[in-house]
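**Student:** Provided below: protein.txt, containing compact mmCIF, C-alpha atoms and all ligand atoms.
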# COMPACT_ATOMS: atom_id res chain seq x y z
CA MET A 1 131.23 99.84 86.93
CA THR A 2 128.07 98.10 88.20
CA LYS A 3 128.32 96.80 91.77
CA VAL A 4 126.83 93.38 92.45
CA ASN A 5 125.21 92.24 95.67
CA PRO A 6 125.20 88.41 95.73
CA ASN A 7 122.63 88.47 98.56
CA PHE A 8 120.15 90.69 96.73
CA GLY A 9 117.81 87.79 95.83
CA LYS A 10 117.64 86.85 99.51
CA LYS A 11 116.98 90.45 100.48
CA LEU A 12 114.18 90.77 97.91
CA LYS A 13 112.35 87.78 99.41
CA LYS A 14 111.33 90.00 102.33
CA PHE A 15 109.52 92.19 99.79
CA GLY A 16 107.63 89.24 98.35
CA ALA A 17 109.74 87.87 95.47
CA GLU A 18 110.34 84.20 96.18
CA THR A 19 110.56 82.84 92.65
CA ALA A 20 112.97 84.97 90.61
CA TYR A 21 115.49 82.10 90.46
CA HIS A 22 112.97 79.86 88.68
CA CYS A 23 113.36 81.95 85.54
CA TYR A 24 115.33 80.40 82.66
CA HIS A 25 115.00 83.42 80.35
CA CYS A 26 112.74 82.13 77.62
CA GLY A 27 111.52 85.73 77.18
CA ASN A 28 107.79 84.88 76.94
CA CYS A 29 106.94 87.41 79.65
CA THR A 30 108.52 90.36 77.85
CA VAL A 31 106.85 89.34 74.59
CA VAL A 32 103.35 89.22 76.10
CA CYS A 33 103.76 92.27 78.34
CA PRO A 34 101.55 94.99 76.81
CA LEU A 35 103.58 97.74 78.50
CA SER A 36 107.13 96.68 77.70
CA THR A 37 108.72 98.70 74.87
CA ASP A 38 112.00 98.58 72.93
CA GLU A 39 113.40 101.37 75.08
CA GLU A 40 112.06 100.06 78.41
CA GLN A 41 112.04 96.30 78.33
CA PHE A 42 110.73 94.22 81.22
CA PRO A 43 110.12 91.97 83.08
CA ARG A 44 112.69 89.36 81.86
CA ARG A 45 115.56 91.82 82.09
CA PHE A 46 114.74 92.39 85.74
CA MET A 47 114.55 88.68 86.48
CA ARG A 48 118.15 88.63 85.27
CA TYR A 49 119.17 91.62 87.35
CA VAL A 50 117.72 89.98 90.45
CA GLN A 51 119.45 86.67 89.75
CA LEU A 52 122.79 88.43 89.22
CA GLY A 53 122.34 90.66 92.27
CA MET A 54 122.53 93.89 90.25
CA GLU A 55 121.10 95.99 93.05
CA ASP A 56 122.78 99.17 91.91
CA LYS A 57 121.28 98.89 88.45
CA ILE A 58 117.82 98.26 89.90
CA LYS A 59 118.06 101.27 92.22
CA HIS A 60 118.49 103.55 89.22
CA SER A 61 115.77 101.93 87.07
CA LEU A 62 112.31 103.28 86.43
CA GLU A 63 110.87 100.22 84.62
CA PRO A 64 109.40 98.60 87.76
CA TRP A 65 107.06 101.63 87.96
CA LEU A 66 105.96 101.12 84.35
CA CYS A 67 104.47 97.69 85.21
CA TYR A 68 100.83 97.89 86.31
CA TYR A 69 100.66 94.28 87.45
CA CYS A 70 98.12 93.17 84.86
CA GLY A 71 99.33 89.60 85.37
CA ASP A 72 99.64 88.60 81.68
CA CYS A 73 103.29 87.61 82.14
CA GLN A 74 102.46 85.35 85.08
CA THR A 75 100.14 83.27 82.87
CA ALA A 76 102.71 83.08 80.06
CA CYS A 77 105.60 81.94 82.26
CA PRO A 78 106.40 78.23 81.83
CA ARG A 79 108.49 78.19 85.02
CA GLN A 80 106.04 79.75 87.50
CA ALA A 81 108.68 82.40 88.14
CA ASN A 82 105.90 84.98 88.70
CA PRO A 83 107.56 87.90 86.91
CA GLY A 84 104.65 90.23 87.73
CA GLU A 85 105.13 89.58 91.44
CA VAL A 86 108.88 90.08 91.11
CA MET A 87 108.21 93.49 89.51
CA MET A 88 105.80 94.27 92.36
CA SER A 89 108.47 93.31 94.91
CA LEU A 90 110.93 95.57 93.15
CA ARG A 91 108.49 98.46 93.53
CA ARG A 92 108.26 97.74 97.26
CA TYR A 93 112.04 97.58 97.46
CA LEU A 94 112.44 100.85 95.51
CA THR A 95 109.99 102.58 97.84
CA THR A 96 112.40 101.78 100.69
CA VAL A 97 115.36 103.02 98.62
CA TYR A 98 113.71 106.41 98.03
CA ASP A 99 112.59 106.79 101.66
CA TRP A 100 115.35 108.51 103.63
CA THR A 101 113.75 107.96 107.05
CA GLY A 102 114.16 104.17 107.04
CA LEU A 103 110.55 103.75 108.20
CA SER A 104 109.48 102.34 104.87
CA ARG A 105 112.01 99.49 105.14
CA LYS A 106 110.84 98.68 108.68
CA LEU A 107 107.20 98.62 107.59
CA TYR A 108 107.87 96.43 104.57
CA THR A 109 110.12 93.93 106.28
CA SER A 110 108.86 93.64 109.85
CA MET A 111 105.43 92.49 111.00
CA ALA A 112 106.10 93.88 114.49
CA TRP A 113 106.73 97.36 113.06
CA LYS A 114 103.50 97.22 111.06
CA VAL A 115 101.37 96.13 114.01
CA VAL A 116 102.95 98.54 116.50
CA SER A 117 102.88 101.54 114.11
CA VAL A 118 99.25 101.03 113.12
CA GLY A 119 98.23 100.30 116.73
CA LEU A 120 100.06 103.33 118.10
CA LEU A 121 98.55 105.75 115.58
CA PHE A 122 95.10 104.21 115.98
CA PHE A 123 94.98 104.48 119.78
CA ALA A 124 96.82 107.80 119.90
CA THR A 125 94.19 109.27 117.56
CA LEU A 126 91.36 107.96 119.74
CA ALA A 127 93.06 109.40 122.83
CA VAL A 128 93.43 112.81 121.16
CA VAL A 129 89.85 112.82 119.83
CA TYR A 130 88.26 111.90 123.16
CA GLY A 131 90.78 113.95 125.16
CA PHE A 132 90.18 117.18 123.26
CA SER A 133 86.63 116.77 121.96
CA GLY A 134 83.81 119.09 122.88
CA GLU A 135 80.53 118.26 124.53
CA MET A 136 78.55 115.21 123.35
CA VAL A 137 75.10 116.71 122.79
CA THR A 138 72.64 113.82 123.07
CA ASP A 139 69.23 115.27 122.16
CA ARG A 140 70.32 115.89 118.54
CA VAL A 141 73.41 115.41 116.37
CA GLU A 142 75.87 118.25 116.80
CA LEU A 143 79.04 117.01 115.17
CA GLU A 144 80.78 120.35 115.20
CA THR A 145 80.21 120.71 118.93
CA PHE A 146 81.86 117.30 119.46
CA ALA A 147 84.67 117.93 116.94
CA PRO A 148 85.12 121.71 116.62
CA ALA A 149 86.05 122.64 113.06
CA HIS A 150 88.48 125.36 114.23
CA ILE A 151 90.58 122.60 115.83
CA VAL A 152 90.06 119.72 113.37
CA HIS A 153 90.85 121.73 110.23
CA PRO A 154 94.20 123.23 111.32
CA VAL A 155 95.34 119.87 112.73
CA GLY A 156 94.37 118.26 109.41
CA TYR A 157 96.36 120.82 107.41
CA VAL A 158 99.46 120.38 109.56
CA PHE A 159 99.16 116.59 109.20
CA GLY A 160 98.79 116.97 105.41
CA ALA A 161 101.82 119.28 105.25
CA VAL A 162 103.99 116.81 107.18
CA LEU A 163 102.93 113.91 104.92
CA SER A 164 103.54 115.98 101.78
CA PHE A 165 107.00 116.88 103.02
CA PHE A 166 107.96 113.21 103.49
CA LEU A 167 106.42 112.10 100.19
CA LEU A 168 107.91 114.93 98.12
CA SER A 169 111.36 114.57 99.67
CA ASN A 170 111.22 110.88 98.71
CA VAL A 171 110.11 111.82 95.19
CA TYR A 172 113.14 114.09 95.00
CA ARG A 173 115.39 111.15 95.91
CA MET A 174 113.65 109.08 93.24
CA PHE A 175 114.44 111.87 90.76
CA ARG A 176 118.15 111.76 91.73
CA PHE A 177 118.30 107.97 91.46
CA ILE A 178 116.54 107.79 88.09
CA LEU A 179 117.83 110.80 86.24
CA GLY A 180 121.32 111.03 87.76
CA ASP A 181 123.57 113.04 85.41
CA TYR A 182 120.72 113.52 82.91
CA ALA A 183 119.07 115.89 85.40
CA LYS A 184 121.47 118.73 84.62
CA SER A 185 121.64 118.22 80.87
CA VAL A 186 118.06 119.35 80.15
CA PRO A 187 116.92 122.97 80.37
CA LEU A 188 114.25 123.97 82.86
CA SER A 189 111.78 124.56 80.01
CA VAL A 190 111.75 120.80 79.31
CA TYR A 191 110.78 120.07 82.91
CA VAL A 192 107.95 122.58 82.62
CA GLU A 193 106.74 121.34 79.19
CA GLU A 194 106.68 117.73 80.35
CA LEU A 195 104.59 118.52 83.42
CA ARG A 196 101.59 117.61 81.27
CA THR A 197 102.85 114.00 81.23
CA LEU A 198 102.75 114.02 85.02
CA VAL A 199 99.27 115.52 85.21
CA VAL A 200 97.75 113.34 82.46
CA HIS A 201 99.09 110.10 83.92
CA PHE A 202 98.18 111.05 87.47
CA PHE A 203 94.55 111.65 86.56
CA THR A 204 94.00 109.05 83.83
CA GLN A 205 96.37 106.13 84.56
CA ALA A 206 96.29 105.96 80.76
CA ARG A 207 99.00 103.33 80.34
CA MET A 208 96.97 100.86 82.33
CA ARG A 209 94.42 100.89 79.51
CA LEU A 210 96.95 99.00 77.38
CA CYS A 211 96.57 95.98 79.69
CA THR A 212 94.53 93.06 78.35
CA ASN A 213 92.15 93.18 81.30
CA LYS A 214 90.40 96.54 80.70
CA SER A 215 88.17 96.30 83.78
CA ARG A 216 91.25 96.69 86.00
CA TRP A 217 91.85 100.14 84.59
CA LEU A 218 88.27 101.15 85.33
CA LYS A 219 88.46 99.88 88.92
CA HIS A 220 91.81 101.54 89.49
CA TRP A 221 90.48 104.79 88.06
CA LEU A 222 87.36 104.62 90.25
CA LEU A 223 89.54 104.15 93.33
CA MET A 224 91.86 106.97 92.35
CA THR A 225 89.07 109.44 91.57
CA GLY A 226 87.19 108.40 94.72
CA TYR A 227 90.25 109.11 96.81
CA PHE A 228 90.98 112.39 95.01
CA VAL A 229 87.39 113.64 95.35
CA ALA A 230 87.32 112.73 99.08
CA PHE A 231 90.69 114.43 99.56
CA MET A 232 89.48 117.62 97.86
CA LEU A 233 86.21 117.66 99.80
CA VAL A 234 88.01 117.35 103.12
CA ASN A 235 90.31 120.20 102.11
CA ILE A 236 87.56 122.57 101.03
CA ASP A 237 85.39 121.78 104.03
CA VAL A 238 86.83 124.83 105.73
CA VAL A 239 85.07 126.90 103.01
CA THR A 240 81.97 124.85 102.19
CA ARG A 241 81.29 123.69 105.78
CA TRP A 242 79.30 120.71 104.50
CA SER A 243 80.97 118.07 106.66
CA LEU A 244 81.85 119.31 110.14
CA THR A 245 78.64 121.15 110.87
CA ASN A 246 75.72 121.06 113.24
CA GLU A 247 73.32 121.69 110.33
CA PRO A 248 73.87 118.86 107.79
CA PRO A 249 73.10 120.00 104.22
CA MET A 250 70.32 118.39 102.16
CA TRP A 251 71.03 115.21 100.18
CA TRP A 252 71.32 117.13 96.89
CA HIS A 253 74.15 119.36 98.12
CA PRO A 254 76.94 118.96 95.47
CA ALA A 255 79.61 118.21 98.09
CA LYS A 256 77.40 115.53 99.61
CA LEU A 257 76.70 113.92 96.22
CA LEU A 258 80.41 113.92 95.37
CA TRP A 259 81.23 112.46 98.76
CA THR A 260 78.67 109.67 98.17
CA TYR A 261 80.33 108.90 94.80
CA ALA A 262 83.78 108.80 96.44
CA SER A 263 82.65 106.51 99.26
CA ILE A 264 80.80 104.07 97.01
CA ALA A 265 83.66 103.94 94.49
CA MET A 266 86.26 103.29 97.18
CA ILE A 267 84.28 100.73 99.16
CA TYR A 268 83.31 98.81 95.99
CA VAL A 269 86.86 98.59 94.64
CA THR A 270 88.40 97.79 98.03
CA THR A 271 85.85 95.06 98.80
CA GLU A 272 86.39 93.57 95.35
CA ALA A 273 90.18 93.58 95.88
CA ILE A 274 89.85 91.90 99.29
CA ILE A 275 87.61 89.17 97.84
CA GLY A 276 90.01 88.75 94.89
CA ARG A 277 92.99 88.33 97.21
CA LEU A 278 91.10 85.80 99.34
CA ARG A 279 90.00 83.78 96.30
CA LYS A 280 93.40 84.04 94.55
CA ARG A 281 91.93 83.32 91.12
CA GLU A 282 93.45 86.15 89.11
CA PRO A 283 97.24 86.17 88.66
CA MET A 284 97.70 89.58 90.32
CA HIS A 285 95.78 88.42 93.38
CA GLN A 286 97.64 85.16 93.94
CA TYR A 287 100.42 86.61 96.08
CA SER A 288 99.70 89.12 98.83
CA HIS A 289 102.38 90.80 100.88
CA SER A 290 101.39 91.76 104.43
CA THR A 291 101.49 95.43 103.37
CA ASP A 292 98.83 94.74 100.71
CA TRP A 293 96.52 93.55 103.49
CA MET A 294 97.47 96.44 105.74
CA PHE A 295 96.52 98.90 102.99
CA LEU A 296 93.24 97.22 102.05
CA ILE A 297 92.07 96.74 105.64
CA LEU A 298 92.87 100.32 106.68
CA LEU A 299 91.25 101.76 103.56
CA TRP A 300 88.14 99.59 103.87
CA PHE A 301 87.57 100.51 107.52
CA THR A 302 88.28 104.19 106.87
CA VAL A 303 85.63 104.36 104.15
CA PHE A 304 83.19 102.09 105.98
CA THR A 305 83.29 104.09 109.24
CA GLY A 306 82.93 107.32 107.23
CA LEU A 307 79.83 105.94 105.50
CA LEU A 308 78.39 104.59 108.73
CA MET A 309 78.89 107.91 110.47
CA ARG A 310 76.96 109.73 107.71
CA ILE A 311 74.13 107.19 107.97
CA PHE A 312 73.92 107.66 111.76
CA MET A 313 73.95 111.40 111.22
CA GLU A 314 71.07 111.23 108.71
CA LEU A 315 69.13 109.01 111.14
CA GLY A 316 69.65 111.61 113.89
CA LEU A 317 71.58 109.25 116.22
CA PRO A 318 74.02 111.44 118.19
CA LEU A 319 76.20 108.98 120.15
CA PRO A 320 76.73 106.47 117.29
CA THR A 321 77.64 109.45 115.05
CA TYR A 322 80.30 110.75 117.46
CA HIS A 323 81.83 107.34 118.17
CA THR A 324 82.00 106.28 114.50
CA PHE A 325 83.52 109.67 113.69
CA ALA A 326 86.25 108.99 116.28
CA LEU A 327 86.81 105.52 114.78
CA HIS A 328 86.86 107.00 111.28
CA LEU A 329 89.71 109.33 112.30
CA ALA A 330 91.50 106.48 114.09
CA PHE A 331 91.61 104.49 110.81
CA THR A 332 92.32 107.53 108.63
CA VAL A 333 95.46 108.63 110.50
CA PRO A 334 97.46 105.35 110.12
CA LEU A 335 96.11 104.94 106.57
CA LEU A 336 97.38 108.32 105.43
CA GLY A 337 100.33 108.57 107.81
CA LEU A 338 101.88 105.22 106.90
CA GLU A 339 100.59 104.40 103.43
CA VAL A 340 100.97 107.70 101.56
CA PRO A 341 104.64 108.56 102.21
CA PHE A 342 106.09 105.18 103.24
CA THR A 343 104.33 102.15 101.73
CA LYS A 344 101.77 101.06 99.16
CA TRP A 345 99.91 104.28 98.47
CA SER A 346 103.10 106.15 97.60
CA HIS A 347 102.78 104.60 94.12
CA LEU A 348 100.10 107.21 93.51
CA ALA A 349 102.99 109.66 93.20
CA TYR A 350 105.84 107.38 92.08
CA ARG A 351 104.06 106.01 88.97
CA PRO A 352 103.22 109.31 87.28
CA PHE A 353 106.58 110.74 88.35
CA ALA A 354 108.35 107.72 86.79
CA LEU A 355 106.59 108.47 83.48
CA TYR A 356 107.52 112.13 83.84
CA PHE A 357 111.18 111.27 84.50
CA ALA A 358 111.12 108.82 81.57
CA ARG A 359 110.09 111.67 79.26
CA ILE A 360 112.78 113.97 80.68
CA LYS A 361 115.38 111.25 80.11
CA GLU A 362 114.15 110.73 76.55
CA ARG A 363 114.42 114.47 75.85
CA ALA A 364 117.91 114.53 77.42
CA VAL A 365 119.06 111.69 75.14
CA GLN A 366 117.57 113.47 72.09
CA LEU A 367 119.40 116.66 73.06
CA GLN A 368 122.68 114.80 73.47
CA GLN A 369 122.23 113.11 70.07
CA ARG A 370 121.57 116.49 68.43
CA GLN A 371 124.48 118.16 70.18
CA GLY A 372 126.89 115.30 69.23
CA PRO A 373 126.96 115.98 65.45
CA GLU A 374 126.80 119.77 66.05
CA SER A 375 129.92 119.74 68.25
CA GLU A 376 131.69 117.44 65.75
CA MET A 377 130.86 119.90 62.95
CA ALA A 378 132.10 122.81 65.03
CA ALA A 379 135.36 120.94 65.69
S1 LIG B 401 108.42 83.75 81.03
FE1 LIG B 401 109.16 83.04 83.03
S2 LIG B 401 110.95 81.79 82.56
FE2 LIG B 401 110.49 82.96 80.71
S3 LIG B 401 111.78 84.79 80.92
FE3 LIG B 401 109.82 85.31 81.80
S4 LIG B 401 110.02 84.86 83.98
FE4 LIG B 401 111.69 83.84 82.93
S1 LIG B 402 102.38 92.27 85.24
FE1 LIG B 402 101.65 93.00 83.24
S2 LIG B 402 102.61 95.01 83.03
FE2 LIG B 402 103.71 93.95 84.65
S3 LIG B 402 105.42 92.97 83.62
FE3 LIG B 402 103.76 91.47 83.70
S4 LIG B 402 102.68 91.68 81.77
FE4 LIG B 402 103.94 93.52 82.04
Represent the structure of the file as structure tokens.
**Tutor:**
Amino acid sequence: MTKVNPNFGKKLKKFGAETAYHCYHCGNCTVVCPLSTDEEQFPRRFMRYVQLGMEDKIKHSLEPWLCYYCGDCQTACPRQANPGEVMMSLRRYLTTVYDWTGLSRKLYTSMAWKVVSVGLLFFATLAVVYGFSGEMVTDRVELETFAPAHIVHPVGYVFGAVLSFFLLSNVYRMFRFILGDYAKSVPLSVYVEELRTLVVHFFTQARMRLCTNKSRWLKHWLLMTGYFVAFMLVNIDVVTRWSLTNEPPMWWHPAKLLWTYASIAMIYVTTEAIIGRLRKREPMHQYSHSTDWMFLILLWFTVFTGLLMRIFMELGLPLPTYHTFALHLAFTVPLLGLEVPFTKWSHLAYRPFALYFARIKERAVQLQQRQGPESEMAA
């Protein structure tokens, strides 16, 4: 039996959805949605669920993750019910459902929690950097002397391990919510075979290419690859020693070229998104939740301070290099610490995992259908 929460619509407003009750179910949005299928229909069905307070049903649904917020449904809606924004709000809500710590809910629903959490991590990082940094050599740039690699790298790995633990434990909860009893009915080999779905969608965001606005896919892909390349470069720095060093490599060093690509891709897409949200011309930019701004601002300043630090380094300016490096870390820590496991950036994992779980569910249903007639025949 499906439980109903009559206050669900009110609850969802904190996540951004203000207009779900405008919907009168003409169905235009589902017809124009390039990503809705016969098996996974949205967004109209979810407008209904919200109106009826079917919270339980929503908690176990994966469709909100199949929407890429292209905005086509917003334009087609005669009631300004903003179905794309309602789907976006459902993703925010689901992120809090999967998160077992409760921090995600606080960050999504309270401005005070956002400001205090970001502020605390920002200033705590500055205190640690200046408290434990090495000597500030002023006659030439010696970044490794200021930020010794044998301290920065292990701290970075521990930080990454903690974040991965929170994110993966939340992904596991997502798996339980979405697959439920289906989880046990498929053999392990199916989970292994379908891993390709996870990998392909993580790296290509292929479904987004079905959206009418193709440039969105390209921008999203640039951002994703920029982030992935930067992430990999930071992780292999312990081997390549191209970043935290007192002898900066030449401009043609492969790691440096890749890093330049990552920085330019991320700063371009983030700046474009900030301008889009300020102008509010495109449907997907018309409504911004405070967490959208938190993400964009933290990401923009993280990339900008990283770029600036490299420029100061190339120009041979020691003190500006050290101080922008400290600022870069102070923006990076709240960006990764709050966004990756608890808020907006967690979709980087939840989207491909939703597609992976969708395939597992499909295979489970196929297996059940095959086993049905077989067991009847045996009887
Ligand atoms: S187009 Fe608008 S009114 Fe029609 S079903 Fe979709 S959300 Fe509801
Ligand atoms: S925003 Fe795009 S993908 Fe999402 S429901 Fe609307 S039309 Fe479909």
**Student:** Could I get the residue neighbourhood of ligand LIG 402 (chain B) at 12 Å, counting all atoms listed in the file, as a compact mmCIF listing (two decimals) with C-alpha atoms, in the frame of the given file?
**Tutor:**
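Here's the written file result_28.txt:
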# COMPACT_ATOMS: atom_id res chain seq x y z
CA GLY A 27 111.52 85.73 77.18
CA ASN A 28 107.79 84.88 76.94
CA CYS A 29 106.94 87.41 79.65
CA THR A 30 108.52 90.36 77.85
CA VAL A 31 106.85 89.34 74.59
CA VAL A 32 103.35 89.22 76.10
CA CYS A 33 103.76 92.27 78.34
CA PRO A 34 101.55 94.99 76.81
CA LEU A 35 103.58 97.74 78.50
CA SER A 36 107.13 96.68 77.70
CA THR A 37 108.72 98.70 74.87
CA GLU A 40 112.06 100.06 78.41
CA GLN A 41 112.04 96.30 78.33
CA PHE A 42 110.73 94.22 81.22
CA PRO A 43 110.12 91.97 83.08
CA ARG A 44 112.69 89.36 81.86
CA ARG A 45 115.56 91.82 82.09
CA PHE A 46 114.74 92.39 85.74
CA MET A 47 114.55 88.68 86.48
CA GLU A 63 110.87 100.22 84.62
CA PRO A 64 109.40 98.60 87.76
CA TRP A 65 107.06 101.63 87.96
CA LEU A 66 105.96 101.12 84.35
CA CYS A 67 104.47 97.69 85.21
CA TYR A 68 100.83 97.89 86.31
CA TYR A 69 100.66 94.28 87.45
CA CYS A 70 98.12 93.17 84.86
CA GLY A 71 99.33 89.60 85.37
CA ASP A 72 99.64 88.60 81.68
CA CYS A 73 103.29 87.61 82.14
CA GLN A 74 102.46 85.35 85.08
CA THR A 75 100.14 83.27 82.87
CA ALA A 76 102.71 83.08 80.06
CA CYS A 77 105.60 81.94 82.26
CA ALA A 81 108.68 82.40 88.14
CA ASN A 82 105.90 84.98 88.70
CA PRO A 83 107.56 87.90 86.91
CA GLY A 84 104.65 90.23 87.73
CA GLU A 85 105.13 89.58 91.44
CA VAL A 86 108.88 90.08 91.11
CA MET A 87 108.21 93.49 89.51
CA MET A 88 105.80 94.27 92.36
CA SER A 89 108.47 93.31 94.91
CA LEU A 90 110.93 95.57 93.15
CA ARG A 91 108.49 98.46 93.53
CA ARG A 207 99.00 103.33 80.34
CA MET A 208 96.97 100.86 82.33
CA ARG A 209 94.42 100.89 79.51
CA LEU A 210 96.95 99.00 77.38
CA CYS A 211 96.57 95.98 79.69
CA THR A 212 94.53 93.06 78.35
CA ASN A 213 92.15 93.18 81.30
CA ARG A 216 91.25 96.69 86.00
CA GLU A 282 93.45 86.15 89.11
CA PRO A 283 97.24 86.17 88.66
CA MET A 284 97.70 89.58 90.32
CA HIS A 285 95.78 88.42 93.38
**Student:** Select, from A:Leu308, A:Leu126, A:Ala358, A:Trp300, the residue with the minimum atom-to-atom distance to His60 (chain A), counting all atoms listed in the file.
**Tutor:** A:Ala358
**Student:** Between A:Ser185, A:Leu278, A:Asn235, A:Ile264, which one has atoms that come closest to Val155 (chain A), using all atoms listed in the file?
**Tutor:** A:Asn235
**Student:** Rank nothing, just name the residue among A:Phe202, A:Trp259, A:Trp100, A:Tyr24 nearest to ligand LIG 401 (chain B), using all atoms listed in the file.
**Tutor:**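 Ranked by minimum distance to ligand LIG 401 (chain B), first place goes to A:Tyr24.
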**Student:** Compile the contact shell of Met266 (chain A) as a PDB file with C-alpha atoms, keeping the file's coordinate frame: residues with an atom at most 10 Å away, counting all atoms listed in the file, same-chain residues fewer than 2 positions apart removed.
**Tutor:**
ATOM      1  CA  LYS A 219      88.460  99.880  88.920  1.00  0.00           C
ATOM      2  CA  HIS A 220      91.810 101.540  89.490  1.00  0.00           C
ATOM      3  CA  LEU A 222      87.360 104.620  90.250  1.00  0.00           C
ATOM      4  CA  LEU A 223      89.540 104.150  93.330  1.00  0.00           C
ATOM      5  CA  MET A 224      91.860 106.970  92.350  1.00  0.00           C
ATOM      6  CA  THR A 225      89.070 109.440  91.570  1.00  0.00           C
ATOM      7  CA  GLY A 226      87.190 108.400  94.720  1.00  0.00           C
ATOM      8  CA  TYR A 227      90.250 109.110  96.810  1.00  0.00           C
ATOM      9  CA  ALA A 230      87.320 112.730  99.080  1.00  0.00           C
ATOM     10  CA  THR A 260      78.670 109.670  98.170  1.00  0.00           C
ATOM     11  CA  TYR A 261      80.330 108.900  94.800  1.00  0.00           C
ATOM     12  CA  ALA A 262      83.780 108.800  96.440  1.00  0.00           C
ATOM     13  CA  SER A 263      82.650 106.510  99.260  1.00  0.00           C
ATOM     14  CA  ILE A 264      80.800 104.070  97.010  1.00  0.00           C
ATOM     15  CA  TYR A 268      83.310  98.810  95.990  1.00  0.00           C
ATOM     16  CA  VAL A 269      86.860  98.590  94.640  1.00  0.00           C
ATOM     17  CA  THR A 270      88.400  97.790  98.030  1.00  0.00           C
ATOM     18  CA  THR A 271      85.850  95.060  98.800  1.00  0.00           C
ATOM     19  CA  GLU A 272      86.390  93.570  95.350  1.00  0.00           C
ATOM     20  CA  LEU A 299      91.250 101.760 103.560  1.00  0.00           C
ATOM     21  CA  TRP A 300      88.140  99.590 103.870  1.00  0.00           C
ATOM     22  CA  THR A 302      88.280 104.190 106.870  1.00  0.00           C
ATOM     23  CA  VAL A 303      85.630 104.360 104.150  1.00  0.00           C
ATOM     24  CA  PHE A 304      83.190 102.090 105.980  1.00  0.00           C
TER      25      PHE A 304
END
**Student:** Quick one: residues within 9 Å of Arg105 (chain A), all atoms listed in the file, excluding same-chain residues fewer than 5 positions away - as an MDAnalysis selection string?
**Tutor:** chainID A and resid 92:93 95:97 99 110 342:343
**Student:** So what do you get for CA of Ser104 (chain A) versus CA of Glu194 (chain A), distance-wise?
**Tutor:**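 These two atoms are separated by 29.1 Å.
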**Student:** Quick one: of A:Val137, A:Leu188, A:Leu327, A:Val365, who's nearest to Phe122 (chain A), counting all atoms listed in the file?
**Tutor:** A:Leu327
**Student:** Could you give me, as a PyMOL selection string, the residues within 12 Å of region 330-337 of chain A, counting only C-alpha atoms and dropping anything in the same chain fewer than 4 positions from it?
**Tutor:** chain A and resi 103-104+114-130+155-156+158-167+227+230-231+291+293-306+323-326+341-346
**Student:** Tell me, as a PDB file with C-alpha atoms, in the frame of the given file, which residues lie within 8 Å of Leu52 (chain A), counting all atoms listed in the file; anything in the same chain fewer than 4 positions away does not count.
**Tutor:**
ATOM      1  CA  VAL A   4     126.830  93.380  92.450  1.00  0.00           C
ATOM      2  CA  ASN A   5     125.210  92.240  95.670  1.00  0.00           C
ATOM      3  CA  PRO A   6     125.200  88.410  95.730  1.00  0.00           C
ATOM      4  CA  ARG A  48     118.150  88.630  85.270  1.00  0.00           C
TER       5      ARG A  48
END
**Student:** So that I can see what lies close to Phe146 (chain A), please list as a list in words the residues with an atom at most 6 Å from it, counting all atoms listed in the file and leaving out residues fewer than 5 positions away in the same chain.
**Tutor:**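 Residues near the query, excluding close chain neighbours: Ser133, Gly134, Glu135 and Met136 of chain A.
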**Student:** Which one of A:Cys26, A:Ala354, A:Leu168, A:Ile360 sits closest to ligand LIG 401 (chain B) if you count only C-alpha atoms and all ligand atoms?
**Tutor:**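 Looking at the shortest contact to ligand LIG 401 (chain B), the residue is A:Cys26.
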**Student:** Choose the residue, out of A:Gly53, A:Pro78, A:Pro318, A:Pro249, that has the smallest atom-to-atom separation from ligand LIG 401 (chain B); count only C-alpha atoms and all ligand atoms.
**Tutor:** A:Pro78
**Student:** What is the CA of Ala273 (chain A) to CA of Thr204 (chain A) distance in Å?
**Tutor:**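 Answer for the CA of Ala273 (chain A) to CA of Thr204 (chain A) separation: 20.0 Å.
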